[in-house]
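Asks: Supplied in structure tokens, the structure appears directly below.
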Protein chains: 2
Amino acid sequence: MDFPRDYEVFDLGDFTLRCGQTLRDAKLAYKTFGALSDARDNAIVYPTWYSGRHWDNEWLIGEGMTLDPSRYFIIVPNMLGNGLSSSPSNTPPPMDRARFPPIAVLDNVIAQHRLVTERFGIERLVAVTGWSMGAGQTYQWAVSHPEMVPRILPFCGSARTSPHNIVFLEGVKAALTADAAWKHGWYDEQPTRGLRAAARVYAGWGFSQAFYLQEAWRELGYTSLEDFLVGFWEGFFLDRRDANNLLTMLSTWQRADIGTTPGFDGSFERALGAISAKAIVMPAEKDLYFPPEDNAYEVEHMPNAELRIIPGVWGHFAGGGPNPVDTRFIDQGLRDLLAS
Amino acid sequence: MDFPRDYEVFDLGDFTLRCGQTLRDAKLAYKTFGALSDARDNAIVYPTWYSGRHWDNEWLIGEGMTLDPSRYFIIVPNMLGNGLSSSPSNTPPPMDRARFPPIAVLDNVIAQHRLVTERFGIERLVAVTGWSMGAGQTYQWAVSHPEMVPRILPFCGSARTSPHNIVFLEGVKAALTADAAWKHGWYDEQPTRGLRAAARVYAGWGFSQAFYLQEAWRELGYTSLEDFLVGFWEGFFLDRRDANNLLTMLSTWQRADIGTTPGFDGSFERALGAISAKAIVMPAEKDLYFPPEDNAYEVEHMPNAELRIIPGVWGHFAGGGPNPVDTRFIDQGLRDLLAS
């Protein structure tokens, strides 16, 4: 894969995963924006999402934005499995490709915590925020390290993957793996037919019914529905995405549940209750796989949380940065959170 | 395919389709319930849905139900492409399998109209009703034959396939055709991997988020989520379904639009305005591909229509007969309609 070299790598060494296997010589790729203050008190962690890479998070960072690098030190860690951090596609044999072990959300947060504390000597963050699976990692940070995380803003995500979300992902997985060129993970060339099929399955979920009815894809420069399906969606899944990487992250996503954090005995509600961070939880009004009602349930069980719904038709991708209205709404949420 | 022989066949002869091709020696398979009155004034047409067969409609018919065969003569015509009426799977060469021509909703209604008028000599129906694509045919009946159709009750369907619905179906199609065993339609054995993948894609759409959260599949006798995905969904797609048939019906569905009926110059709203039938339009509250707001728009443009939403978590399958609460609700709607 042809990636830019604009990032750093933190060596995790021999990193034992929740599943019991050990990723030897494991790597956590990350990029930082801004400078860490002398007091080490201006850091924000902003993890990536399903198939996202650090550069896919940059739309929310910049001068004039709440995540302003002139004020904050913003750390964007790449999720394990995304192709930059240790992944099926970049791990040497024997633990490569179809043999890459299952990764938990908690594995990601443990790795990120080591980065933050060992490399940067940070004892307390300003906040953690993230979209989609990045929101899942945000919740996990708050549960695992309450003393370090005073504020969180998870958007378009959840603290536990719902059964329906699991089913939606089963469809994506089934489409990808129906392609015989996938070869149970032992392909030499990407199974592009399967990747394109997965993209078409995803297309119905990523944006809302109303988005398609209003042809809001025109705002992104597409000229017909098929133009959008091929240009945006198939292009998305072909843009340096690897099939095994996608399946690894999909598995991480399907099994996400903060209730499985050690100390909570599997109780989702107890884990939610342990989130002392001030939280603004931002679902998108028409998100089809992270519906607002799931976040409403979470907020009821969190001691210090506000539910603030992103209005409009963009569905899950309201949190992906494609349109300025939703971006401003999220940015304002971050501004309110950081001012408190 | 091993089908029961409990149905009749109406010979359509050489049947010219909207696309311009002619299905030679075309067949319309149907089943009737009850007896046609001497005045021929007690007939109800109840078309099938995507992949449904006449026996899949029987849950809404019976003694004590509104569709009581002791009172009404209920005609269930099988949709073209469903494996019983002329289909890719049962048409002799050269117009078989991958060469089966595209079928329009209007083709189905033209065929059904011939059955009703030529075989039974019926000049006026009591009503037309149907679920999902059966609802689409119901609208088409009302537009094409207003003088024959005084009442309609389309449930969980629409008069025009929405763009999002088209996208959802693209995902189903992409999953099915990602299987190389499909062979562009020239398979000798069903591409079961693709059929199972299509089933898994469909699973997320057929029932709502809340249905899965509440594990309402337990009411159907399934014992885990995976048990439901395999037992219900994969079983559904493997139950005498043929890949080419599914693709034919999918294409019919994607192109559905009553505005394309001759005489309306492509205007959806004008066609809706021409529906003089008294209508009770029944979407399911949480239907993910026929959302109630689309039906609300239709009802606004229909001169004599009521919107009556089926409450609850069953989503699209509220109209498929799996649970008695929703079945009673639909049956009551029919009762009210037929009493008016």
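Letters for chains follow the order of the structure tokens (A, B, ...), residue numbers begin at 1 for each chain, and ligand numbers begin at 1 in the order shown.
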Using only C-alpha atoms, I'd like every residue of chain B that has an atom within 6 Å of chain A; please write them out as a list in words.

Replies: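 Residues of chain B within 6 Å of chain A, counting only C-alpha atoms: Pro163, His164, Val167, Phe168, Gly171, Ala174, Ala175, Ala178, Asp179, Gly194, Ala197, Arg200, Val201, Gly204, Gln209, Tyr212 and Leu213 of chain B.
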
Asks: Run DSSP on the backbone and give me the residues of stretch 48-288 of chain B it puts in strand (DSSP E), as a PDB file with N, CA and C atoms, in the first residue's frame.

Replies:
```pdb
ATOM      1  N   PHE B  73     -63.832 -14.144  -2.929  1.00  0.00           N
ATOM      2  CA  PHE B  73     -63.073 -14.946  -3.887  1.00  0.00           C
ATOM      3  C   PHE B  73     -61.700 -14.280  -4.007  1.00  0.00           C
ATOM      4  N   ILE B  74     -60.721 -14.898  -3.399  1.00  0.00           N
ATOM      5  CA  ILE B  74     -59.405 -14.263  -3.287  1.00  0.00           C
ATOM      6  C   ILE B  74     -58.469 -14.890  -4.319  1.00  0.00           C
ATOM      7  N   ILE B  75     -57.926 -14.042  -5.165  1.00  0.00           N
ATOM      8  CA  ILE B  75     -57.025 -14.495  -6.237  1.00  0.00           C
ATOM      9  C   ILE B  75     -55.607 -14.072  -5.865  1.00  0.00           C
ATOM     10  N   VAL B  76     -54.718 -15.047  -5.739  1.00  0.00           N
ATOM     11  CA  VAL B  76     -53.309 -14.740  -5.460  1.00  0.00           C
ATOM     12  C   VAL B  76     -52.494 -15.081  -6.707  1.00  0.00           C
ATOM     13  N   PRO B  77     -52.166 -14.058  -7.515  1.00  0.00           N
ATOM     14  CA  PRO B  77     -51.324 -14.306  -8.690  1.00  0.00           C
ATOM     15  C   PRO B  77     -49.847 -14.278  -8.294  1.00  0.00           C
ATOM     16  N   ALA B 127     -61.431  -5.291  -3.988  1.00  0.00           N
ATOM     17  CA  ALA B 127     -60.228  -4.599  -3.508  1.00  0.00           C
ATOM     18  C   ALA B 127     -58.990  -5.277  -4.071  1.00  0.00           C
ATOM     19  N   VAL B 128     -57.876  -4.565  -3.980  1.00  0.00           N
ATOM     20  CA  VAL B 128     -56.555  -5.141  -4.220  1.00  0.00           C
ATOM     21  C   VAL B 128     -55.715  -4.834  -2.991  1.00  0.00           C
ATOM     22  N   THR B 129     -54.941  -5.822  -2.569  1.00  0.00           N
ATOM     23  CA  THR B 129     -54.069  -5.611  -1.404  1.00  0.00           C
ATOM     24  C   THR B 129     -52.788  -6.400  -1.595  1.00  0.00           C
ATOM     25  N   GLY B 130     -51.746  -6.007  -0.896  1.00  0.00           N
ATOM     26  CA  GLY B 130     -50.499  -6.752  -0.990  1.00  0.00           C
ATOM     27  C   GLY B 130     -49.410  -6.129  -0.136  1.00  0.00           C
ATOM     28  N   TRP B 131     -48.432  -6.972   0.153  1.00  0.00           N
ATOM     29  CA  TRP B 131     -47.287  -6.583   0.990  1.00  0.00           C
ATOM     30  C   TRP B 131     -46.088  -6.284   0.102  1.00  0.00           C
ATOM     31  N   ARG B 151     -61.135  -0.078  -3.978  1.00  0.00           N
ATOM     32  CA  ARG B 151     -60.441  -0.050  -2.667  1.00  0.00           C
ATOM     33  C   ARG B 151     -59.060  -0.685  -2.808  1.00  0.00           C
ATOM     34  N   ILE B 152     -58.098  -0.093  -2.112  1.00  0.00           N
ATOM     35  CA  ILE B 152     -56.769  -0.719  -2.040  1.00  0.00           C
ATOM     36  C   ILE B 152     -56.220  -0.630  -0.618  1.00  0.00           C
ATOM     37  N   LEU B 153     -55.454  -1.638  -0.268  1.00  0.00           N
ATOM     38  CA  LEU B 153     -54.715  -1.588   0.996  1.00  0.00           C
ATOM     39  C   LEU B 153     -53.289  -2.095   0.745  1.00  0.00           C
ATOM     40  N   PRO B 154     -52.430  -1.181   0.299  1.00  0.00           N
ATOM     41  CA  PRO B 154     -51.018  -1.553   0.156  1.00  0.00           C
ATOM     42  C   PRO B 154     -50.333  -1.458   1.525  1.00  0.00           C
ATOM     43  N   PHE B 155     -49.615  -2.513   1.906  1.00  0.00           N
ATOM     44  CA  PHE B 155     -48.916  -2.444   3.199  1.00  0.00           C
ATOM     45  C   PHE B 155     -47.423  -2.710   3.030  1.00  0.00           C
ATOM     46  N   LYS B 278     -60.633   4.191  -2.711  1.00  0.00           N
ATOM     47  CA  LYS B 278     -60.462   4.466  -1.288  1.00  0.00           C
ATOM     48  C   LYS B 278     -59.272   3.627  -0.822  1.00  0.00           C
ATOM     49  N   ALA B 279     -58.333   4.284  -0.170  1.00  0.00           N
ATOM     50  CA  ALA B 279     -57.091   3.600   0.183  1.00  0.00           C
ATOM     51  C   ALA B 279     -56.785   3.720   1.662  1.00  0.00           C
ATOM     52  N   ILE B 280     -56.386   2.605   2.252  1.00  0.00           N
ATOM     53  CA  ILE B 280     -55.721   2.658   3.555  1.00  0.00           C
ATOM     54  C   ILE B 280     -54.294   2.192   3.307  1.00  0.00           C
ATOM     55  N   VAL B 281     -53.361   3.102   3.494  1.00  0.00           N
ATOM     56  CA  VAL B 281     -51.950   2.827   3.208  1.00  0.00           C
ATOM     57  C   VAL B 281     -51.265   2.544   4.543  1.00  0.00           C
TER      58      VAL B 281
END
```

Asks: Got a sec: who's within 7 Å of A:Ala159, counting only C-alpha atoms, leaving out chain neighbours fewer than 4 positions off, as a list in words?

Replies: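 Skipping anything fewer than 4 positions along the chain leaves Gly136, Tyr139, Asp257 and Ile258 of chain A.
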
Asks: Please run DSSP on the backbone and report, as an MDAnalysis selection string, all residues within stretch 220-320 of chain B that come out as alpha helix (DSSP H).

Replies: chainID B and resid 225:228 235:238 243:254 268:273 292:300

Asks: Skipping near chain neighbours, those fewer than 6 positions away, what residues fall within 10 Å of A:Pro92 using only C-alpha atoms, listed as a ChimeraX atom specification?

Replies: /A:24-25,86,100

Asks: So that I have them on file, write out the residues from the current selection with C-alpha atoms, as an mmCIF file, in the first residue's frame.

Replies:
```cif
data_model
loop_
_atom_site.group_PDB
_atom_site.id
_atom_site.type_symbol
_atom_site.label_atom_id
_atom_site.label_comp_id
_atom_site.auth_asym_id
_atom_site.auth_seq_id
_atom_site.Cartn_x
_atom_site.Cartn_y
_atom_site.Cartn_z
ATOM 1 C CA ARG A 24 5.431 -9.600 18.457
ATOM 2 C CA ASP A 25 7.211 -6.348 17.577
ATOM 3 C CA SER A 86 0.050 -3.552 13.154
ATOM 4 C CA PHE A 100 -3.709 -12.082 12.285
#
```

Asks: Atom CA of B:Thr32 to atom CA of B:Ala111: how many Å, to one decimal?

Replies: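 We find that atom CA of B:Thr32 and atom CA of B:Ala111 lie 15.7 Å from each other.
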
Asks: Ranking B:Arg308, B:Arg160, B:Arg18, B:Arg71 by minimum distance to B:Glu269 and counting only C-alpha atoms, which one comes first?

Replies: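 Counting only C-alpha atoms, the residue closest to B:Glu269 is B:Arg160.
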
Asks: Looking at B:Ala35, B:Trp217, B:Thr161, B:Lys183, which one is nearest to B:Asp68, with distances taken over only C-alpha atoms?

Replies: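 For B:Asp68, the nearest of the candidates is B:Ala35.
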
Asks: Please indicate the distance in Å from atom CA of A:Arg53 to atom CA of A:Gly83, rounded to one decimal place.

Replies: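 These atoms are spaced 8.2 Å apart.
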
Asks: Measuring between only C-alpha atoms, which one of A:Thr138, A:Ser251, A:Ser89, A:Asn82 shows the shortest distance to A:Ile44?

Replies: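 Among A:Thr138, A:Ser251, A:Ser89, A:Asn82, it is A:Thr138 that comes nearest to A:Ile44.
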
Asks: What is the distance between atom CA of A:Gly81 and atom CA of A:Val126, in Å to one decimal?

Replies: 26.5 Å

Asks: Using only C-alpha atoms, which residue out of A:Gly20, A:Gly64, A:Trp55, A:Phe33 lies closest to A:Arg5?

Replies: A:Trp55

Asks: Please determine, counting only C-alpha atoms, which residue among A:Leu84, A:Ala142, A:Ala135, A:Ala26 has the shortest atom-to-atom distance to A:Asp242.

Replies: A:Leu84

Asks: Please list as a list in words every residue within 12 Å of B:Thr260, counting only C-alpha atoms and excluding residues in the same chain fewer than 2 positions away.

Replies: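 What passes the distance filter is Arg18, Ala104, Val105, Leu106, Gln140, Val143, Ser144, Ala159, Arg160, Thr161, Arg255, Ala256, Asp257, Ile258, Pro262, Gly263, Phe264, Asp265, Gly266, Ser267, Phe268, Glu269, Arg270, Ala271 and Leu272 of chain B.
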
Asks: Save the residues we just selected, C-alpha atoms, as an mmCIF file, in the first residue's frame?

Replies:
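Wrote it out as result.cif, contents follow:
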```cif
data_model
loop_
_atom_site.group_PDB
_atom_site.id
_atom_site.type_symbol
_atom_site.label_atom_id
_atom_site.label_comp_id
_atom_site.auth_asym_id
_atom_site.auth_seq_id
_atom_site.Cartn_x
_atom_site.Cartn_y
_atom_site.Cartn_z
ATOM 1 C CA ARG B 18 -43.025 -3.157 -21.619
ATOM 2 C CA ALA B 104 -42.038 -4.267 -15.127
ATOM 3 C CA VAL B 105 -44.593 -4.003 -12.346
ATOM 4 C CA LEU B 106 -46.992 -2.984 -15.074
ATOM 5 C CA GLN B 140 -50.379 -0.125 -10.146
ATOM 6 C CA VAL B 143 -53.650 3.557 -11.464
ATOM 7 C CA SER B 144 -54.174 1.277 -14.463
ATOM 8 C CA ALA B 159 -45.875 3.326 -5.460
ATOM 9 C CA ARG B 160 -42.333 4.202 -6.541
ATOM 10 C CA THR B 161 -39.097 2.638 -5.401
ATOM 11 C CA ARG B 255 -37.584 0.211 -11.576
ATOM 12 C CA ALA B 256 -41.051 0.430 -9.982
ATOM 13 C CA ASP B 257 -42.763 3.782 -10.478
ATOM 14 C CA ILE B 258 -46.449 4.304 -11.202
ATOM 15 C CA PRO B 262 -48.708 5.452 -20.030
ATOM 16 C CA GLY B 263 -50.767 8.609 -19.814
ATOM 17 C CA PHE B 264 -48.953 10.255 -16.919
ATOM 18 C CA ASP B 265 -45.887 11.489 -18.749
ATOM 19 C CA GLY B 266 -43.615 10.225 -16.005
ATOM 20 C CA SER B 267 -45.320 12.244 -13.288
ATOM 21 C CA PHE B 268 -45.445 10.314 -10.027
ATOM 22 C CA GLU B 269 -47.713 12.886 -8.430
ATOM 23 C CA ARG B 270 -50.195 12.889 -11.313
ATOM 24 C CA ALA B 271 -50.396 9.108 -11.137
ATOM 25 C CA LEU B 272 -51.009 9.265 -7.382
#
```
